[in-house]
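A.B. asks: Before I ask anything, here is the structure I am working with.
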There are 2 protein chains.
Amino acid sequence: MPQLRVAMAQIDTTVGDVDGNVRAVREWARRAAEEGAHLALFPETAVTGYPVEDLALRRSFVDASKRALGRLAAELADDGNGELVVVVGYVDRAPEREPAPTAPGGPTARRDLPQNCAAVLHRGRVVARYAKHHLPNYGVFDEYRIFVPGEDLLVVRVRGVDVAVAICEDLWQDGGPVQKAGDAGAGLLAVLNASPYERNKDDVRLELVERRAAEAGCPIAYVNAVGGQDELVFDGDSLVVDAGGRVLARGPQFTEALVVADLELAAADTSPSWVGGVKRVSLGDEPVPAYEPRGAVHHEPLPDVADVHAALVLGLRDYVRKNGFRSVIVAVSGGIDSALVASLACDAIGPENVVGISLPSGYSSQHSRDDAEDLARRCGFEYRQYPIAPMVEAFLGAVPLTGVAEENLQARVRGTTLMGLANQEGHLALATSNKSELAVGYSTLYGDSVGGYAPLKDVPKTLVWELSRWRNAQAAERGEQPPIPESTITKPPSAELRPGQTDQDSLPPYEVLDAILEDYVEGDRGRGEMIEAGFDAAVVDSVLTLVDRAEWKRRQFAPGPKISHKAFGRDRRLPISSRWREPTSVAQPAPPVGSGDAAAETLT
Amino acid sequence: MPQLRVAMAQIDTTVGDVDGNVRAVREWARRAAEEGAHLALFPETAVTGYPVEDLALRRSFVDASKRALGRLAAELADDGNGELVVVVGYVDRAPEREPAPTAPGGPTARRDLPQNCAAVLHRGRVVARYAKHHLPNYGVFDEYRIFVPGEDLLVVRVRGVDVAVAICEDLWQDGGPVQKAGDAGAGLLAVLNASPYERNKDDVRLELVERRAAEAGCPIAYVNAVGGQDELVFDGDSLVVDAGGRVLARGPQFTEALVVADLELAAADTSPSWVGGVKRVSLGDEPVPAYEPRGAVHHEPLPDVADVHAALVLGLRDYVRKNGFRSVIVAVSGGIDSALVASLACDAIGPENVVGISLPSGYSSQHSRDDAEDLARRCGFEYRQYPIAPMVEAFLGAVPLTGVAEENLQARVRGTTLMGLANQEGHLALATSNKSELAVGYSTLYGDSVGGYAPLKDVPKTLVWELSRWRNAQAAERGEQPPIPESTITKPPSAELRPGQTDQDSLPPYEVLDAILEDYVEGDRGRGEMIEAGFDAAVVDSVLTLVDRAEWKRRQFAPGPKISHKAFGRDRRLPISSRWREPTSVAQPAPPVGSGDAAAETLT
């Protein structure tokens, strides 16, 4: 059987930075060539970054992507790496001959028909292209909006091995490219991905790749992107799995890497039978001379909680870097949310780039101030205090605010102070609200919710505690000082906006709240199902009402990294103006339409 | 030729208010029956409201829609209106036999397969259903995300006339239901719509209906929804156009109405030839006894600017009402944006439900204060003044802010005051930023941009002036006092955050700015195209940079009514983290991939 050394470059590209991304591909291709690879795979739309969103609708953007690809092919040859076969994702437009499918056009039709493509580069040329067949249009994905699907499978002969190419969602959908790759007798299926991290998705992905490799009857080389992009974090974890389900190589998570694997692959049929919808391109039948394979890379995926922490750190680091910031500012209250955010920021960009400010009011307890200061000392970030009493008093002297409006005022004075310092000193302001608060609207719009990025946006409160404990334990294991004060973790949570206030004055215990939210937000379950599952009806009702009513606040909240199956933001799109309330009776299935109808006569 | 009296009920439903919407359909069906109609048409998803967004993914929601539909059919008969044939939009799920198309499922597959449906109700029964074939997934639409497309056309025989049914986007796409309706020999094509208002779209829609009626070879009855729903405004303007392009009836815009038309239609073929993919249901072959037709309703569409004004008023009124507010609060500066917002609010919900507050600083000119007070007196809303100097001074005494950070501070003190009063008194706070400001980021996040709804979000500054002049002229025509002070319209715009500041210190003249923005934002044109079109390169560069950099601010901005081809919000989805900058050279088309490549050999 012919051998191939396959290098999967799981790299961190930036959306729109076409020149920078091409430089990165060139550099990682050089490393692959140095490692003796014959085939180098790069992630989905590595040339443009992923996801490009509506940039795909701009002609100048698609042109730039195409031009950069041609330049890249030439440069790889200039570098002396023209023999290396490179497969890389980019954005192209549909060839004239492919008619535009109906849906993404519409009356406000696009002027172009962009496609999510993979190109094969060899000897200074772009020798073939493949357009993604299956365009995800659920959850965070809007690909049907911006791309038209491809129709043909691409099979490229590389040193006597037929390599089929597919892109991300192509692998998740039954039939299509995987089946065609099998029918076409491919010796290897190369899949380029930009598959965002979700908790526990690594296991799902591994099972999927195993199943698809069996279906295709050949190994799959699965290369995934790395890095944070707005609300998404790509975790790498590139894989090679053979048709028998054996994992031949596995890359690390949350870090750029070249994952090299020596594979023995089925020899290509030199006169393959014709298979409809398959385009074949040959770069040569001559197999690689036999060589001694090296041991492949085998990284174990991170355990749960550790992987969430890594995702949050990478998401934050890349948001800061890709948006041109060097430092962040966070309001540390002594509470657990701001403590975790500050600790994450220190892990992401170093404590020397983190400013923590304490904004105590008359209701702030001494232990809160002590905890905030202790946190700063443990983490080593710059810490300052700005008591808010003078500003709050000035407002109350001029505007008659009481009750909740007065509580909100305190939060907004803090928000204004935080943003003022962020503007003055050039920091990115971090919001500290967690997913549970965001769900029920337990925060003040333009107050404690201010900031350009919200690391805990998709982290429920119970997981905030878990992550804090995990981070402290990890520090202790390494013989380091745990970053988060123990009392911050153990004390009852409070917004401290009035004397003796705790979160549980207004909300059910967080274990109960988070369990209901998981069903309602992530599971899209109705009230009836939740009560059948054993939740208390009154608690469910109060939580669902809070969640439904807080949509308008969420709509104005900062982006934050998705770590769950369903995050707030583009992942969950609900109307603000909505009178929908979950029915109070357990739903009975409605009768089928038209059933038992004597009046209607069906003619054909 | 058989006659039919067709009533198109262009009604204003609320998303999620299934009970209320069904009550409205029942009430308008009663009116249609009183008018002697044989066939009553209601808008797309009138039972659930439009758009339902991800509510469609919840089983309890789809069940509620189905149950409500069955109840509605029974209630229409109970009301004695069972003989009236009612066609109404609702959300259903796909029948088991229809396999789910690939795309909207995906790995995070939905538990249900919702469809955007029309049902035919007759004699207490749901006698037939039709599922929309073409699911718009561009602009503001995400229907491919939440619905699966239908496959069969529905033709219902009503009093000897074959009535084909289609839904909204079905009409915009070539082929499909319109062509099938022609092939099936339909005598009438009934199209249920929820087609959002856009400037000049009424003309486009009329032309479309004319063209499609010719293609189908029969009249089209086009019923459209009315009302505001978050960022959309539906304008009604229901139409009947015959196959020769004659407009037989046209409803009013921006108001609920029953548009009744007496039609003479082709008699159904009693033994129609079989047409694939057409489901036929007969409710009777007996034609209506001949009767004297009445003159049909013929409303002229509103002229430009008048229609924009009407859209803004309806959008604001419905946002207030559908979200349970009774009153609004707006910060009136004496400038044009806040003046127009206050005037729109008075038109929408009455001056007795509007509170205007003036928040002067040391930089506020006397003419600004006078203009704000004059505006309040002309419009008749409650007006109060809260000077912000004490709060600003308290901040500056505690936090060292200078320059832009100090300017932002003033805006945020105003935002905090506005929101405090909104919370204290239960008003909806209105944001006053316009589209030009939002485009270039000329506003302070959490400052002048605060509010739950932004009436001018999609209104460029030049149109703000036009609308203000139009509204004043309209008042003068009616012999009323023009609401907006003349000096507010004529003075140079200024944020008044430092002495002598005007907008044009930082921005090009608004006529130039708005023209560039129209190309870049609405047209998705690249830099090269704009410069070719005659814009100054340096001005284009500075504007594009401002627009690209302000994405993070826009993401946290309130919803506001879409009036243009492309609004900010869900209509234009761009990454925040993006290094894409328009190429400084005019783009040359890239060479086609794989062209002239000697190394690659195509096998099949």
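The way I read the labels, and the way they are meant: chains A, B, ... in the order of the structure tokens, residue 1 as the first residue of every chain, and ligand 1 as the first ligand shown, with later ones counted on from there.
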As a list in words, please: every residue in region 146-234 of chain B that DSSP puts in helix (DSSP H, G or I).
C.D. replies: Ile146, Glu169, Asp170, Leu171, Trp172, Pro177, Val178, Gln179, Lys180, Ala181, Gly182, Asp183, Lys201, Asp202, Asp203, Val204, Arg205, Leu206, Glu207, Leu208, Val209, Glu210, Arg211, Arg212, Ala213, Ala214, Glu215 and Ala216 of chain B
A.B. asks: Give me the residues within 12 Å of Val512 (chain B) as a ChimeraX atom specification, counting only C-alpha atoms and dropping any in the same chain fewer than 6 places off.
C.D. replies: /B:436,460-462,504,518-519,534-536,539-540,543
A.B. asks: What's around region 337-351 of chain A at 10 Å? Count only C-alpha atoms, leave out sequence neighbours fewer than 2 positions away in its own chain, and write the answer as JSON, numbers by chain.
C.D. replies: {"A": [309, 310, 312, 313, 314, 315, 316, 317, 318, 320, 321, 326, 327, 328, 329, 330, 331, 332, 333, 334, 335, 353, 354, 355, 356, 371, 372, 375, 376, 378, 379, 380, 381, 382, 430, 431, 432, 433, 434, 454, 455, 456, 459, 461, 464, 465, 467, 468, 469, 471, 482, 483, 484, 485, 488, 489, 493]}
A.B. asks: Please report as a compact mmCIF listing (two decimals) with all heavy atoms, in the first residue's frame which residues of chain B come no farther than 6 Å from chain A, using only C-alpha atoms.
C.D. replies:
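In the end it all went to selection33.txt:
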# COMPACT_ATOMS: atom_id res chain seq x y z
N VAL B 15 -46.64 38.56 17.72
CA VAL B 15 -45.93 37.28 17.82
C VAL B 15 -46.20 36.62 19.17
O VAL B 15 -46.10 37.27 20.21
CB VAL B 15 -44.41 37.47 17.61
CG1 VAL B 15 -43.63 36.24 18.06
CG2 VAL B 15 -44.11 37.76 16.15
N GLY B 16 -46.59 35.37 19.13
CA GLY B 16 -46.78 34.59 20.35
C GLY B 16 -48.14 34.74 20.99
O GLY B 16 -48.51 33.94 21.85
N ASP B 17 -48.91 35.74 20.59
CA ASP B 17 -50.23 35.96 21.20
C ASP B 17 -51.27 35.13 20.43
O ASP B 17 -52.18 35.68 19.79
CB ASP B 17 -50.58 37.44 21.17
CG ASP B 17 -51.85 37.73 21.96
OD1 ASP B 17 -52.32 36.85 22.71
OD2 ASP B 17 -52.39 38.85 21.80
N GLU B 53 -39.36 33.46 14.63
CA GLU B 53 -37.96 33.16 14.94
C GLU B 53 -37.85 31.78 15.61
O GLU B 53 -38.59 30.87 15.24
CB GLU B 53 -37.36 34.29 15.79
CG GLU B 53 -37.57 35.66 15.12
CD GLU B 53 -36.82 36.80 15.77
OE1 GLU B 53 -35.71 36.60 16.26
OE2 GLU B 53 -37.35 37.91 15.75
N ASP B 54 -36.96 31.65 16.59
CA ASP B 54 -36.70 30.31 17.14
C ASP B 54 -37.83 29.74 17.99
O ASP B 54 -37.73 28.61 18.46
CB ASP B 54 -35.39 30.31 17.95
CG ASP B 54 -34.15 30.35 17.06
OD1 ASP B 54 -34.30 30.38 15.83
OD2 ASP B 54 -33.03 30.34 17.61
N ARG B 58 -39.70 25.22 19.27
CA ARG B 58 -40.22 24.69 20.53
C ARG B 58 -41.49 23.91 20.25
O ARG B 58 -42.45 24.44 19.72
CB ARG B 58 -40.47 25.86 21.48
CG ARG B 58 -40.13 25.50 22.90
CD ARG B 58 -40.32 26.67 23.82
NE ARG B 58 -39.27 27.68 23.68
CZ ARG B 58 -39.33 28.88 24.26
NH1 ARG B 58 -40.38 29.20 25.00
NH2 ARG B 58 -38.36 29.75 24.09
N SER B 60 -43.87 22.98 22.16
CA SER B 60 -45.09 23.52 22.78
C SER B 60 -45.68 24.64 21.94
O SER B 60 -46.90 24.82 21.89
CB SER B 60 -44.77 24.04 24.19
OG SER B 60 -43.67 24.94 24.15
N ARG B 67 -53.30 23.67 17.67
CA ARG B 67 -54.54 23.59 18.45
C ARG B 67 -55.41 24.82 18.22
O ARG B 67 -56.62 24.74 18.09
CB ARG B 67 -54.23 23.47 19.95
CG ARG B 67 -54.03 22.03 20.42
CD ARG B 67 -54.20 21.92 21.93
NE ARG B 67 -53.43 22.95 22.62
CZ ARG B 67 -52.13 22.85 22.88
NH1 ARG B 67 -51.47 21.75 22.53
NH2 ARG B 67 -51.49 23.81 23.49
N PRO B 104 -31.60 22.31 7.43
CA PRO B 104 -31.92 22.91 8.71
C PRO B 104 -31.77 21.96 9.88
O PRO B 104 -32.08 22.32 10.99
CB PRO B 104 -33.40 23.33 8.55
CG PRO B 104 -33.76 23.00 7.15
CD PRO B 104 -32.79 22.02 6.65
N VAL B 126 -60.66 22.12 9.54
CA VAL B 126 -59.46 22.45 8.77
C VAL B 126 -59.44 21.47 7.60
O VAL B 126 -59.21 20.28 7.79
CB VAL B 126 -58.20 22.27 9.63
CG1 VAL B 126 -56.96 22.62 8.81
CG2 VAL B 126 -58.27 23.12 10.88
N VAL B 127 -59.73 21.97 6.42
CA VAL B 127 -59.93 21.04 5.30
C VAL B 127 -58.68 20.81 4.46
O VAL B 127 -58.61 19.85 3.71
CB VAL B 127 -61.09 21.49 4.37
CG1 VAL B 127 -62.40 21.47 5.14
CG2 VAL B 127 -60.82 22.86 3.79
N ALA B 128 -57.70 21.67 4.57
CA ALA B 128 -56.48 21.47 3.78
C ALA B 128 -55.37 22.35 4.33
O ALA B 128 -55.63 23.35 5.01
CB ALA B 128 -56.72 21.81 2.31
N ASN B 137 -34.02 33.37 3.23
CA ASN B 137 -32.93 33.21 4.19
C ASN B 137 -31.85 34.27 3.95
O ASN B 137 -30.68 34.01 4.08
CB ASN B 137 -32.33 31.80 4.08
CG ASN B 137 -31.68 31.35 5.36
OD1 ASN B 137 -32.36 31.15 6.35
ND2 ASN B 137 -30.37 31.22 5.37
N TYR B 138 -32.29 35.45 3.57
CA TYR B 138 -31.39 36.58 3.29
C TYR B 138 -31.93 37.77 4.06
O TYR B 138 -33.04 37.73 4.61
CB TYR B 138 -31.37 36.87 1.78
CG TYR B 138 -32.77 37.04 1.21
CD1 TYR B 138 -33.43 38.25 1.31
CD2 TYR B 138 -33.44 35.96 0.64
CE1 TYR B 138 -34.72 38.40 0.84
CE2 TYR B 138 -34.74 36.11 0.17
CZ TYR B 138 -35.37 37.33 0.27
OH TYR B 138 -36.64 37.48 -0.18
N ARG B 145 -33.61 28.46 8.56
CA ARG B 145 -33.15 28.02 9.88
C ARG B 145 -34.25 27.30 10.64
O ARG B 145 -33.98 26.36 11.39
CB ARG B 145 -32.71 29.27 10.64
CG ARG B 145 -32.41 29.10 12.11
CD ARG B 145 -32.14 30.47 12.73
NE ARG B 145 -31.94 30.41 14.16
CZ ARG B 145 -30.78 30.19 14.74
NH1 ARG B 145 -29.70 30.01 14.01
NH2 ARG B 145 -30.67 30.14 16.07
N ASP B 230 -40.75 44.29 16.46
CA ASP B 230 -39.32 44.53 16.69
C ASP B 230 -38.75 45.44 15.59
O ASP B 230 -39.10 46.61 15.57
CB ASP B 230 -38.55 43.22 16.83
CG ASP B 230 -38.84 42.53 18.17
OD1 ASP B 230 -39.54 43.12 19.00
OD2 ASP B 230 -38.39 41.40 18.36
N ARG B 280 -55.39 18.52 -4.72
CA ARG B 280 -56.66 19.20 -4.99
C ARG B 280 -57.68 18.82 -3.93
O ARG B 280 -57.82 17.65 -3.57
CB ARG B 280 -57.20 18.81 -6.36
CG ARG B 280 -56.36 19.33 -7.52
CD ARG B 280 -56.99 18.92 -8.84
NE ARG B 280 -56.13 19.27 -9.97
CZ ARG B 280 -56.18 20.46 -10.59
NH1 ARG B 280 -57.04 21.38 -10.21
NH2 ARG B 280 -55.38 20.72 -11.59
N VAL B 281 -58.39 19.81 -3.44
CA VAL B 281 -59.46 19.60 -2.48
C VAL B 281 -60.67 20.38 -2.98
O VAL B 281 -60.51 21.53 -3.41
CB VAL B 281 -59.04 20.10 -1.07
CG1 VAL B 281 -60.20 20.05 -0.11
CG2 VAL B 281 -57.87 19.29 -0.54
N SER B 282 -61.83 19.76 -2.94
CA SER B 282 -63.02 20.48 -3.41
C SER B 282 -63.96 20.78 -2.25
O SER B 282 -64.25 19.92 -1.42
CB SER B 282 -63.77 19.66 -4.45
OG SER B 282 -64.95 20.37 -4.80
N LEU B 283 -64.39 22.02 -2.19
CA LEU B 283 -65.41 22.41 -1.22
C LEU B 283 -66.73 22.67 -1.95
O LEU B 283 -67.65 23.25 -1.37
CB LEU B 283 -64.96 23.67 -0.48
CG LEU B 283 -63.59 23.56 0.19
CD1 LEU B 283 -63.19 24.88 0.83
CD2 LEU B 283 -63.60 22.47 1.24
N LYS B 322 -47.00 46.41 22.14
CA LYS B 322 -46.76 44.96 22.21
C LYS B 322 -45.82 44.58 23.34
O LYS B 322 -45.76 43.41 23.72
CB LYS B 322 -46.25 44.45 20.86
CG LYS B 322 -47.31 44.55 19.75
CD LYS B 322 -46.83 44.01 18.40
CE LYS B 322 -47.96 44.16 17.37
NZ LYS B 322 -47.56 43.68 16.02
N ASN B 323 -45.07 45.55 23.85
CA ASN B 323 -44.19 45.27 24.97
C ASN B 323 -44.75 45.76 26.30
O ASN B 323 -44.04 45.80 27.31
CB ASN B 323 -42.80 45.85 24.72
CG ASN B 323 -42.04 45.03 23.69
OD1 ASN B 323 -41.58 43.92 23.98
ND2 ASN B 323 -41.95 45.53 22.47
N PRO B 390 -23.85 68.81 38.30
CA PRO B 390 -23.44 68.24 39.60
C PRO B 390 -22.92 66.81 39.46
O PRO B 390 -21.94 66.43 40.12
CB PRO B 390 -24.73 68.26 40.42
CG PRO B 390 -25.67 69.20 39.73
CD PRO B 390 -25.26 69.23 38.29
N MET B 391 -23.56 66.00 38.62
CA MET B 391 -23.13 64.61 38.47
C MET B 391 -21.78 64.54 37.74
O MET B 391 -20.88 63.79 38.12
CB MET B 391 -24.17 63.81 37.69
CG MET B 391 -25.48 63.61 38.44
SD MET B 391 -26.60 65.05 38.25
CE MET B 391 -27.74 64.44 37.01
N ALA B 394 -19.09 65.51 40.09
CA ALA B 394 -18.81 64.46 41.07
C ALA B 394 -17.90 63.40 40.45
O ALA B 394 -16.94 62.94 41.07
CB ALA B 394 -20.11 63.83 41.57
N PHE B 395 -18.19 63.03 39.21
CA PHE B 395 -17.33 62.04 38.53
C PHE B 395 -15.92 62.58 38.36
O PHE B 395 -14.94 61.91 38.66
CB PHE B 395 -17.91 61.68 37.16
CG PHE B 395 -18.87 60.52 37.17
CD1 PHE B 395 -20.24 60.72 37.07
CD2 PHE B 395 -18.40 59.22 37.29
CE1 PHE B 395 -21.12 59.65 37.08
CE2 PHE B 395 -19.28 58.13 37.29
CZ PHE B 395 -20.64 58.35 37.19
N ALA B 405 -12.84 60.95 26.64
CA ALA B 405 -13.40 60.23 27.79
C ALA B 405 -14.31 61.15 28.60
O ALA B 405 -15.34 60.71 29.12
CB ALA B 405 -12.27 59.67 28.66
N GLY B 420 -32.65 56.07 34.59
CA GLY B 420 -33.14 56.12 35.97
C GLY B 420 -34.60 56.55 36.01
O GLY B 420 -35.43 55.93 36.67
N ASN B 423 -36.85 53.82 34.58
CA ASN B 423 -37.08 52.76 35.57
C ASN B 423 -38.02 53.24 36.67
O ASN B 423 -38.94 52.52 37.08
CB ASN B 423 -35.76 52.34 36.23
CG ASN B 423 -34.78 51.65 35.27
OD1 ASN B 423 -33.59 51.65 35.50
ND2 ASN B 423 -35.29 51.08 34.19
N GLN B 424 -37.79 54.46 37.14
CA GLN B 424 -38.57 54.98 38.27
C GLN B 424 -40.04 55.15 37.89
O GLN B 424 -40.93 54.82 38.67
CB GLN B 424 -38.00 56.35 38.69
CG GLN B 424 -38.69 56.98 39.89
CD GLN B 424 -38.29 56.33 41.21
OE1 GLN B 424 -37.16 55.82 41.34
NE2 GLN B 424 -39.20 56.30 42.17
N TYR B 446 -23.61 53.41 25.86
CA TYR B 446 -24.17 53.62 27.21
C TYR B 446 -24.39 55.10 27.52
O TYR B 446 -24.61 55.48 28.66
CB TYR B 446 -23.31 52.98 28.31
CG TYR B 446 -22.74 51.64 27.95
CD1 TYR B 446 -21.37 51.38 28.05
CD2 TYR B 446 -23.57 50.62 27.49
CE1 TYR B 446 -20.84 50.15 27.70
CE2 TYR B 446 -23.05 49.38 27.13
CZ TYR B 446 -21.68 49.15 27.23
OH TYR B 446 -21.16 47.94 26.88
N ASP B 524 -23.41 47.19 -0.39
CA ASP B 524 -22.28 46.27 -0.25
C ASP B 524 -21.22 46.52 -1.30
O ASP B 524 -20.59 45.58 -1.80
CB ASP B 524 -22.75 44.80 -0.33
CG ASP B 524 -23.06 44.23 1.05
OD1 ASP B 524 -22.38 44.62 2.01
OD2 ASP B 524 -24.00 43.43 1.15
N GLY B 526 -17.64 47.90 -2.76
CA GLY B 526 -16.28 48.01 -2.25
C GLY B 526 -15.72 49.39 -2.51
O GLY B 526 -16.30 50.19 -3.25
N GLN B 556 -24.46 46.45 20.33
CA GLN B 556 -25.13 46.66 21.62
C GLN B 556 -26.23 47.71 21.53
O GLN B 556 -26.71 48.19 22.55
CB GLN B 556 -24.09 47.04 22.68
CG GLN B 556 -23.09 45.92 22.96
CD GLN B 556 -22.24 46.17 24.21
OE1 GLN B 556 -22.72 46.68 25.21
NE2 GLN B 556 -20.99 45.79 24.16
N PHE B 557 -26.63 48.05 20.32
CA PHE B 557 -27.62 49.11 20.15
C PHE B 557 -29.04 48.53 20.16
O PHE B 557 -29.26 47.35 19.87
CB PHE B 557 -27.35 49.84 18.84
CG PHE B 557 -28.07 51.15 18.72
CD1 PHE B 557 -27.81 52.17 19.61
CD2 PHE B 557 -29.02 51.35 17.74
CE1 PHE B 557 -28.47 53.39 19.52
CE2 PHE B 557 -29.70 52.55 17.63
CZ PHE B 557 -29.42 53.58 18.53
N ARG B 573 -24.99 41.38 8.84
CA ARG B 573 -24.31 40.60 9.87
C ARG B 573 -22.83 40.54 9.57
O ARG B 573 -22.39 39.87 8.66
CB ARG B 573 -24.90 39.19 9.90
CG ARG B 573 -26.40 39.23 10.11
CD ARG B 573 -27.04 37.87 10.13
NE ARG B 573 -28.48 38.03 10.08
CZ ARG B 573 -29.35 37.02 9.99
NH1 ARG B 573 -28.91 35.79 9.95
NH2 ARG B 573 -30.65 37.27 9.94
N LEU B 574 -22.09 41.28 10.35
CA LEU B 574 -20.65 41.34 10.12
C LEU B 574 -19.91 41.02 11.40
O LEU B 574 -20.42 41.24 12.49
CB LEU B 574 -20.27 42.74 9.61
CG LEU B 574 -20.69 43.02 8.16
CD1 LEU B 574 -20.41 44.46 7.80
CD2 LEU B 574 -19.98 42.08 7.20
N SER B 577 -14.65 41.16 15.38
CA SER B 577 -13.21 40.90 15.21
C SER B 577 -12.95 40.70 13.74
O SER B 577 -13.19 39.62 13.21
CB SER B 577 -12.80 39.64 15.97
OG SER B 577 -13.20 39.69 17.31
N SER B 578 -12.49 41.73 13.06
CA SER B 578 -12.26 41.61 11.63
C SER B 578 -11.15 42.55 11.23
O SER B 578 -11.16 43.72 11.60
CB SER B 578 -13.54 41.96 10.85
OG SER B 578 -13.24 42.11 9.48
N ARG B 579 -10.19 42.03 10.51
CA ARG B 579 -9.12 42.91 10.00
C ARG B 579 -9.37 43.26 8.55
O ARG B 579 -8.50 43.80 7.88
CB ARG B 579 -7.76 42.21 10.16
CG ARG B 579 -7.43 41.95 11.62
CD ARG B 579 -6.02 42.41 11.99
NE ARG B 579 -5.78 42.14 13.40
CZ ARG B 579 -4.97 41.18 13.84
NH1 ARG B 579 -4.31 40.43 13.00
NH2 ARG B 579 -4.81 40.99 15.13
N TRP B 580 -10.55 42.91 8.04
CA TRP B 580 -10.84 43.24 6.64
C TRP B 580 -10.92 44.75 6.47
O TRP B 580 -11.67 45.44 7.17
CB TRP B 580 -12.16 42.62 6.19
CG TRP B 580 -12.56 43.07 4.81
CD1 TRP B 580 -13.60 43.89 4.48
CD2 TRP B 580 -11.91 42.75 3.59
NE1 TRP B 580 -13.63 44.10 3.12
CE2 TRP B 580 -12.60 43.42 2.54
CE3 TRP B 580 -10.79 41.98 3.26
CZ2 TRP B 580 -12.23 43.32 1.20
CZ3 TRP B 580 -10.42 41.88 1.92
CH2 TRP B 580 -11.14 42.55 0.91
N ALA B 590 -9.90 38.17 -10.28
CA ALA B 590 -8.88 37.14 -10.14
C ALA B 590 -9.03 36.12 -11.27
O ALA B 590 -10.12 35.94 -11.78
CB ALA B 590 -9.03 36.46 -8.80
N VAL B 593 -9.82 29.64 -11.23
CA VAL B 593 -9.03 28.58 -10.59
C VAL B 593 -8.81 27.44 -11.59
O VAL B 593 -9.72 27.06 -12.31
CB VAL B 593 -9.77 28.09 -9.34
CG1 VAL B 593 -9.21 26.75 -8.89
CG2 VAL B 593 -9.65 29.12 -8.25
N GLY B 594 -7.60 26.90 -11.60
CA GLY B 594 -7.32 25.71 -12.41
C GLY B 594 -7.10 26.03 -13.88
O GLY B 594 -6.88 25.12 -14.68
N ALA B 600 -1.92 19.58 -13.88
CA ALA B 600 -3.07 18.80 -13.43
C ALA B 600 -3.73 18.14 -14.62
O ALA B 600 -3.97 18.75 -15.64
CB ALA B 600 -4.07 19.71 -12.73
N GLU B 601 -4.03 16.89 -14.45
CA GLU B 601 -4.68 16.14 -15.52
C GLU B 601 -6.07 15.77 -15.04
O GLU B 601 -6.23 15.17 -13.98
CB GLU B 601 -3.84 14.89 -15.80
CG GLU B 601 -4.45 13.96 -16.82
CD GLU B 601 -3.81 12.57 -16.74
OE1 GLU B 601 -2.80 12.42 -16.03
OE2 GLU B 601 -4.33 11.66 -17.39
N THR B 602 -7.06 16.12 -15.81
CA THR B 602 -8.42 15.79 -15.42
C THR B 602 -8.77 14.40 -15.95
O THR B 602 -8.69 14.15 -17.15
CB THR B 602 -9.40 16.83 -15.96
OG1 THR B 602 -9.07 18.10 -15.39
CG2 THR B 602 -10.83 16.49 -15.59
N LEU B 603 -9.11 13.49 -15.05
CA LEU B 603 -9.38 12.11 -15.44
C LEU B 603 -10.81 11.93 -15.93
O LEU B 603 -11.05 11.22 -16.90
CB LEU B 603 -9.13 11.16 -14.27
CG LEU B 603 -7.68 11.02 -13.81
CD1 LEU B 603 -7.60 9.96 -12.75
CD2 LEU B 603 -6.76 10.66 -14.97
N THR B 604 -11.77 12.52 -15.22
CA THR B 604 -13.17 12.40 -15.68
C THR B 604 -13.77 13.80 -15.68
O THR B 604 -13.39 14.63 -14.88
CB THR B 604 -14.03 11.53 -14.75
OG1 THR B 604 -14.00 12.09 -13.43
CG2 THR B 604 -13.53 10.12 -14.73
A.B. asks: Using the chain letters and numbers from this document, which residues of region 87-228 of chain A does DSSP assign to strand (DSSP E or B), as a PyMOL selection string?
C.D. replies: chain A and resi 87-93+114-122+125-131+153-158+161-167+188-193+196+220-224+226-228
